[in-house]
$ cat structure15.cif   # mmCIF, C-alpha atoms
data_data
#
loop_
_atom_site.label_atom_id
_atom_site.label_comp_id
_atom_site.auth_asym_id
_atom_site.auth_seq_id
_atom_site.Cartn_x
_atom_site.Cartn_y
_atom_site.Cartn_z
CA MET N 8 123.11 52.37 55.13
CA VAL N 9 120.53 49.61 54.89
CA ASN N 10 117.10 50.87 55.97
CA LEU N 11 115.74 48.10 58.19
CA TYR N 12 112.99 48.14 60.77
CA ARG N 13 111.30 45.52 62.92
CA ASP N 14 107.74 45.15 64.23
CA THR N 15 105.23 42.62 65.52
CA GLY N 16 102.13 42.04 63.44
CA VAL N 17 99.24 39.81 62.41
CA VAL N 18 98.98 38.55 58.83
CA LEU N 19 95.64 39.73 57.43
CA ARG N 20 95.88 38.41 53.88
CA THR N 21 98.30 37.37 51.14
CA HIS N 22 98.45 37.65 47.34
CA LYS N 23 100.58 35.78 44.85
CA LEU N 24 103.32 37.75 43.12
CA GLY N 25 105.20 36.27 40.21
CA GLU N 26 106.12 32.60 40.33
CA ALA N 27 107.42 32.28 43.90
CA ASP N 28 106.72 35.49 45.84
CA ARG N 29 103.79 36.84 47.84
CA ILE N 30 102.55 40.25 48.88
CA VAL N 31 101.71 39.99 52.57
CA THR N 32 99.43 42.48 54.34
CA LEU N 33 100.07 42.76 58.07
CA LEU N 34 98.55 44.82 60.86
CA THR N 35 101.50 45.79 63.03
CA ARG N 36 101.88 47.19 66.53
CA ARG N 37 103.85 50.34 65.69
CA HIS N 38 103.49 50.91 61.95
CA GLY N 39 99.81 50.09 61.37
CA LYS N 40 99.05 48.32 58.13
CA VAL N 41 102.09 47.25 56.13
CA ARG N 42 102.14 45.62 52.69
CA ALA N 43 105.42 43.90 51.98
CA VAL N 44 106.93 41.39 49.57
CA ALA N 45 107.97 37.99 50.90
CA LYS N 46 110.38 36.65 48.29
CA GLY N 47 110.47 32.95 47.51
CA VAL N 48 107.90 31.97 50.16
CA ARG N 49 105.90 29.81 47.75
CA ARG N 50 108.89 27.52 47.20
CA THR N 51 109.01 24.36 49.32
CA SER N 52 112.51 25.35 50.41
CA SER N 53 111.33 28.68 51.90
CA ARG N 54 112.59 29.26 55.45
CA PHE N 55 109.53 31.17 56.63
CA GLY N 56 106.71 30.67 54.14
CA ALA N 57 104.48 28.80 56.60
CA ARG N 58 104.82 31.60 59.15
CA LEU N 59 103.36 34.15 56.77
CA GLU N 60 99.93 32.59 56.44
CA PRO N 61 96.74 34.50 57.41
CA PHE N 62 96.20 34.85 61.18
CA GLY N 63 99.87 34.24 62.01
CA HIS N 64 101.16 36.51 64.79
CA VAL N 65 104.79 37.17 63.90
CA ASP N 66 107.85 39.28 64.63
CA VAL N 67 109.06 40.63 61.28
CA GLN N 68 112.08 42.49 59.98
CA PHE N 69 111.44 44.68 56.94
CA TYR N 70 113.71 46.32 54.39
CA THR N 71 112.33 49.61 53.08
CA GLY N 72 111.89 49.36 49.32
CA ARG N 73 110.94 51.89 46.67
CA THR N 74 107.30 50.84 46.33
CA LEU N 75 106.80 47.90 48.67
CA ASP N 76 108.90 46.93 51.67
CA VAL N 77 110.59 43.52 51.66
CA ILE N 78 110.36 40.95 54.46
CA THR N 79 113.83 39.70 55.41
CA GLN N 80 113.24 37.81 58.68
CA VAL N 81 110.20 36.24 60.40
CA GLU N 82 109.80 34.70 63.85
CA THR N 83 106.56 33.20 65.16
CA VAL N 84 105.01 34.88 68.20
CA ASP N 85 101.69 32.98 68.23
CA ALA N 86 100.74 30.28 65.71
CA PHE N 87 97.05 31.19 65.71
CA GLN N 88 96.55 29.79 62.21
CA LEU N 89 97.14 26.18 63.32
CA PRO N 90 94.02 25.75 65.53
CA LEU N 91 91.94 28.16 63.44
CA VAL N 92 92.23 26.32 60.13
CA ALA N 93 91.30 23.08 61.90
CA ASP N 94 87.86 24.40 62.90
CA TYR N 95 85.55 25.81 60.23
CA GLN N 96 83.49 27.98 62.57
CA SER N 97 86.57 29.60 64.10
CA TYR N 98 88.22 29.97 60.68
CA THR N 99 85.30 31.86 59.18
CA ALA N 100 85.07 34.14 62.22
CA ALA N 101 88.81 34.84 62.00
CA SER N 102 88.46 35.63 58.29
CA ALA N 103 85.76 38.21 59.07
CA ILE N 104 87.98 39.73 61.78
CA ALA N 105 90.94 40.01 59.40
CA GLU N 106 88.82 41.56 56.64
CA THR N 107 87.30 44.08 59.04
CA ALA N 108 90.73 45.07 60.38
CA ASP N 109 91.96 45.50 56.81
CA ARG N 110 89.03 47.81 56.01
CA LEU N 111 89.39 49.87 59.20
CA SER N 112 93.13 50.43 58.69
CA ALA N 113 92.79 52.07 55.30
CA GLU N 114 95.96 54.18 55.49
CA GLU N 115 99.20 52.24 55.36
CA GLY N 116 101.87 53.26 57.84
CA GLU N 117 99.43 54.91 60.27
CA PRO N 118 99.69 53.46 63.81
CA VAL N 119 96.48 51.76 64.97
CA LEU N 120 97.60 50.20 68.24
CA LYS N 121 94.13 49.71 69.70
CA LEU N 122 92.87 47.95 66.58
CA TYR N 123 95.98 45.74 66.54
CA LEU N 124 95.37 44.74 70.17
CA LEU N 125 91.70 44.02 69.42
CA VAL N 126 92.65 41.73 66.53
CA VAL N 127 95.29 39.86 68.54
CA GLY N 128 92.89 39.43 71.47
CA ALA N 129 90.06 38.16 69.25
CA LEU N 130 92.28 35.69 67.37
CA ARG N 131 93.74 34.43 70.64
CA ALA N 132 90.23 33.83 72.01
CA LEU N 133 89.21 31.96 68.85
CA ALA N 134 92.37 29.85 68.82
CA ASP N 135 91.93 29.02 72.51
CA GLY N 136 88.49 27.58 71.71
CA GLN N 137 86.96 28.20 75.13
CA ARG N 138 84.38 30.79 74.03
CA ASP N 139 81.69 30.60 71.38
CA SER N 140 83.27 31.92 68.19
CA SER N 141 80.10 33.80 67.22
CA LEU N 142 80.20 35.75 70.49
CA VAL N 143 83.91 36.46 70.05
CA LEU N 144 83.27 37.78 66.54
CA ASP N 145 80.40 40.04 67.61
CA ALA N 146 82.42 41.34 70.56
CA PHE N 147 85.23 42.21 68.15
CA PHE N 148 82.83 43.94 65.75
CA LEU N 149 81.34 46.07 68.52
CA ARG N 150 84.72 47.07 69.94
CA ALA N 151 86.16 47.74 66.49
CA MET N 152 83.20 50.01 65.73
CA SER N 153 83.76 51.77 69.03
CA TYR N 154 87.40 52.30 68.02
CA ALA N 155 86.25 53.75 64.69
CA GLY N 156 83.65 56.00 66.34
CA TRP N 157 80.66 54.00 65.07
CA ALA N 158 79.52 52.25 68.25
CA PRO N 159 75.72 51.81 68.22
CA ALA N 160 73.72 53.49 70.97
CA LEU N 161 72.55 50.68 73.25
CA THR N 162 71.57 52.22 76.57
CA GLU N 163 70.35 55.64 75.39
CA CYS N 164 68.52 57.16 72.44
CA ALA N 165 70.85 57.67 69.49
CA ARG N 166 69.15 60.97 68.64
CA CYS N 167 68.24 62.74 71.90
CA GLY N 168 70.31 60.81 74.43
CA LEU N 169 67.37 59.86 76.63
CA PRO N 170 68.44 56.98 78.93
CA GLY N 171 66.91 53.64 78.00
CA PRO N 172 66.34 50.87 77.49
CA HIS N 173 64.31 51.68 74.39
CA VAL N 174 62.26 49.35 72.21
CA ALA N 175 63.22 50.67 68.75
CA PHE N 176 66.54 50.25 66.94
CA SER N 177 67.58 51.87 63.66
CA VAL N 178 70.91 51.13 61.99
CA PRO N 179 70.92 54.32 59.83
CA ALA N 180 70.00 56.43 62.87
CA GLY N 181 72.79 54.98 65.01
CA GLY N 182 71.13 52.47 67.33
CA SER N 183 68.42 52.51 69.99
CA MET N 184 65.71 55.14 69.69
CA CYS N 185 63.08 56.40 72.09
CA GLN N 186 59.37 56.52 71.32
CA ASP N 187 59.50 60.18 70.21
CA CYS N 188 62.61 59.86 68.01
CA ARG N 189 62.09 56.49 66.34
CA VAL N 190 62.09 56.56 62.55
CA PRO N 191 60.21 54.49 59.95
CA GLY N 192 61.87 51.16 59.31
CA SER N 193 63.08 50.74 62.88
CA VAL N 194 63.19 47.20 64.25
CA HIS N 195 62.12 46.20 67.75
CA PRO N 196 64.66 43.79 69.25
CA ALA N 197 63.91 42.03 72.50
CA PRO N 198 65.49 43.60 75.59
CA GLU N 199 67.71 40.54 75.92
CA VAL N 200 69.31 41.36 72.56
CA LEU N 201 70.42 44.82 73.67
CA ASP N 202 71.60 43.37 76.98
CA LEU N 203 73.75 40.90 75.07
CA LEU N 204 75.24 43.61 72.86
CA THR N 205 76.07 45.71 75.91
CA ALA N 206 77.66 42.70 77.63
CA LEU N 207 79.82 41.92 74.58
CA LEU N 208 80.93 45.54 74.26
CA HIS N 209 82.05 45.66 77.89
CA GLY N 210 83.40 42.11 78.22
CA GLU N 211 80.71 40.76 80.55
CA TRP N 212 81.16 37.18 79.38
CA THR N 213 79.16 35.46 82.13
CA LEU N 214 76.05 37.32 80.98
CA ALA N 215 76.84 36.90 77.28
CA GLU N 216 77.36 33.14 77.54
CA SER N 217 74.09 32.64 79.42
CA THR N 218 71.99 33.90 76.48
CA LEU N 219 69.83 31.71 74.25
CA PRO N 220 70.70 30.89 70.60
CA GLY N 221 67.81 33.01 69.28
CA THR N 222 69.03 36.05 71.20
CA ARG N 223 72.52 35.55 69.81
CA ARG N 224 71.23 35.29 66.24
CA ASP N 225 69.24 38.52 66.55
CA ALA N 226 72.21 40.31 68.11
CA SER N 227 74.52 39.09 65.34
CA GLY N 228 72.13 40.43 62.71
CA LEU N 229 72.09 43.90 64.27
CA VAL N 230 75.86 44.00 64.67
CA ALA N 231 76.52 42.89 61.08
CA ALA N 232 74.01 45.37 59.68
CA HIS N 233 75.45 48.23 61.73
CA LEU N 234 79.05 47.46 60.75
CA GLN N 235 78.37 47.09 57.03
CA TRP N 236 76.26 50.25 56.99
CA HIS N 237 79.26 52.25 58.20
CA LEU N 238 81.76 50.42 55.99
CA GLU N 239 79.44 51.24 53.05
CA ARG N 240 80.04 47.81 51.59
CA GLN N 241 79.50 44.18 52.51
CA LEU N 242 82.16 42.02 54.09
CA ARG N 243 82.89 39.21 51.64
CA SER N 244 83.71 36.78 54.44
CA LEU N 245 80.61 37.45 56.55
CA PRO N 246 78.13 35.25 54.61
CA LEU N 247 80.50 32.31 55.18
CA VAL N 248 80.52 32.69 58.97
CA GLU N 249 78.91 29.70 60.59
CA ARG N 250 76.60 30.85 63.39
CA ARG N 251 75.95 27.69 65.38
CA ALA N 252 75.90 27.36 69.14
CA ARG N 253 78.83 25.57 70.71
CA GLU N 254 77.95 22.01 71.68
CA ALA N 255 78.34 20.83 75.25
CA VAL N 256 81.84 19.58 76.01
CA THR N 257 82.39 16.37 77.94
CA PRO N 258 84.52 17.06 81.06
CA GLY N 259 88.15 16.39 80.28
CA ALA N 260 87.60 16.45 76.52
CA SER N 261 88.91 19.03 74.10
CA PRO N 262 86.34 21.73 73.19
CA ARG N 263 87.11 21.02 69.53
CA THR N 264 86.18 17.34 69.64
CA GLY N 265 82.82 15.65 69.38
CA GLY N 266 79.70 16.68 67.50
CA SER N 267 79.65 17.16 63.75
CA ALA N 268 82.79 16.77 61.72
CA THR N 269 84.68 19.98 61.01
CA ARG N 270 85.57 21.11 57.52
CA THR N 271 89.05 22.28 56.67
CA PRO N 272 88.83 25.35 54.42
CA GLU N 273 91.16 25.97 51.54
CA GLY N 274 94.15 28.18 52.20
CA GLN N 275 94.31 31.74 50.96
CA GLY N 276 96.65 32.49 48.13
#

$ encode --input "structure15.cif" --output "structure tokens"
Amino acid sequence: MVNLYRDTGVVLRTHKLGEADRIVTLLTRRHGKVRAVAKGVRRTSSRFGARLEPFGHVDVQFYTGRTLDVITQVETVDAFQLPLVADYQSYTAASAIAETADRLSAEEGEPVLKLYLLVVGALRALADGQRDSSLVLDAFFLRAMSYAGWAPALTECARCGLPGPHVAFSVPAGGSMCQDCRVPGSVHPAPEVLDLLTALLHGEWTLAESTLPGTRRDASGLVAAHLQWHLERQLRSLPLVERRAREAVTPGASPRTGGSATRTPEGQG
């Protein structure tokens, strides 16, 4: 009896295999991270090669193999990759999201439904183009860290639990720290920075989108430092993320038009 199963997933990355195949890593709804072979997808005659590009949200049928499963059917659910690759800022944010999801789902075959939903929601927001991609990325980072049990303390002291707000923040210590608990090397972010982080964590977008560019930059620095501290390694895609404020959009115009020209990044192989 042929051992087939089906699931919905997001393509996180791909690797070349042989002359015409690819190994595709997906984060799926029911089976967690799955690495599978897509045979012949690098040929121009492939029926579903374009659907298995990074950020694609697809319905996939797998055949269980000895070492790696084999992809036998693919249907597009959401073509997130089309708008994302057309906008450099969104593309780099999506790349950081995919890499983070790959790191957080270390065990293949282990269900990670909440992480899957976070990734789909973040990519959908980036592809929609209505929110600042930097804010979307930081919101994803904070919620992904909360999923992993690494959420920084924002409204109370990370050490003693004293309600804040507090003026000190230490990444190694876990977040905000009161006057008595603060450790050497702590930074002192402005209150607006912690307010922004709290708003992003809880989805308070009206507050988040009213913040100034400097506040957003400081918040992004804290989030990136906190995430990479817990991952114990740097995200390769993070230095490429373009942290610029979204330009004002003329009424009736597309949010992706106007301003500086966008750059189209190279595809991942």

$ residues_around --input "structure15.cif" --residues "N:Lys121" --least-positions-apart "5" --cutoff "12 Å" --atoms "only C-alpha atoms" --output "PyMOL selection string"
chain N and resi 34-37+39+108+111-112+126-128+147+150-155

$ residues_around --input "structure15.cif" --residues "N:Asp145" --least-positions-apart "4" --cutoff "10 Å" --atoms "all atoms listed in the file" --output "PyMOL selection string"
chain N and resi 100+104+129+140-141+149-151+204+207-208+223+226-231

$ atom_distance --input "structure15.cif" --atom1 "atom CA of N:Pro170" --atom2 "atom CA of N:Pro191"
20.8 Å

$ closest_residue --input "structure15.cif" --among "N:Leu33, N:Leu214, N:Ala197, N:Ala45" --to "N:Gly116" --atoms "all atoms listed in the file"
N:Leu33

$ closest_atom_pairs --input "structure15.cif" --of "stretch 72-178 of chain N" --to "stretch 49-66 of chain N" --cutoff "6 Å" --atoms "all atoms listed in the file" --output "JSON lines"
{"residue": "N:Val81", "atom": "CA", "partner": "N:Asp66", "partner_atom": "CA", "distance": 5.7}
{"residue": "N:Glu82", "atom": "CA", "partner": "N:Asp66", "partner_atom": "CA", "distance": 5.0}
{"residue": "N:Thr83", "atom": "CA", "partner": "N:Val65", "partner_atom": "CA", "distance": 4.5}
{"residue": "N:Val84", "atom": "CA", "partner": "N:Val65", "partner_atom": "CA", "distance": 4.9}
{"residue": "N:Asp85", "atom": "CA", "partner": "N:His64", "partner_atom": "CA", "distance": 5.0}
{"residue": "N:Ala86", "atom": "CA", "partner": "N:Gly63", "partner_atom": "CA", "distance": 5.5}
{"residue": "N:Phe87", "atom": "CA", "partner": "N:Gly63", "partner_atom": "CA", "distance": 5.6}
{"residue": "N:Gln88", "atom": "CA", "partner": "N:Phe62", "partner_atom": "CA", "distance": 5.2}

$ resolve_selection --input "structure15.cif" --expression "the PyMOL selection byres ((chain N and resi 194) around 8)" --output "PyMOL selection string"
chain N and resi 175-177+192-193+195-196

$ write_last_selection --input "structure15.cif" --atoms "C-alpha atoms" --output "mmCIF file, in the frame of the given file"
data_model
loop_
_atom_site.group_PDB
_atom_site.id
_atom_site.type_symbol
_atom_site.label_atom_id
_atom_site.label_comp_id
_atom_site.auth_asym_id
_atom_site.auth_seq_id
_atom_site.Cartn_x
_atom_site.Cartn_y
_atom_site.Cartn_z
ATOM 1 C CA ALA N 175 63.220 50.670 68.750
ATOM 2 C CA PHE N 176 66.540 50.250 66.940
ATOM 3 C CA SER N 177 67.580 51.870 63.660
ATOM 4 C CA GLY N 192 61.870 51.160 59.310
ATOM 5 C CA SER N 193 63.080 50.740 62.880
ATOM 6 C CA HIS N 195 62.120 46.200 67.750
ATOM 7 C CA PRO N 196 64.660 43.790 69.250
#

$ closest_residue --input "structure15.cif" --among "N:Leu89, N:Gln96, N:Ala103, N:Thr218" --to "N:Arg243" --atoms "all atoms listed in the file"
N:Ala103

$ atom_distance --input "structure15.cif" --atom1 "atom CA of N:Gln68" --atom2 "atom CA of N:Gln80"
5.0 Å

$ atom_distance --input "structure15.cif" --atom1 "atom CA of N:Val31" --atom2 "atom CA of N:Glu117"
16.9 Å

$ closest_residue --input "structure15.cif" --among "N:Arg224, N:Val178, N:Ala27, N:His38" --to "N:Leu122" --atoms "all atoms listed in the file"
N:His38

$ closest_residue --input "structure15.cif" --among "N:Thr222, N:Ala146, N:Gln186, N:Leu245" --to "N:His209" --atoms "all atoms listed in the file"
N:Ala146

$ axis_aligned_box --input "structure15.cif" --around "stretch 151-160 of chain N" --padding-each-side "3 Å" --output "lines of an AutoDock Vina configuration file"
center_x = 80.6
center_y = 51.9
center_z = 67.8
size_x = 19.7
size_y = 14.3
size_z = 12.3
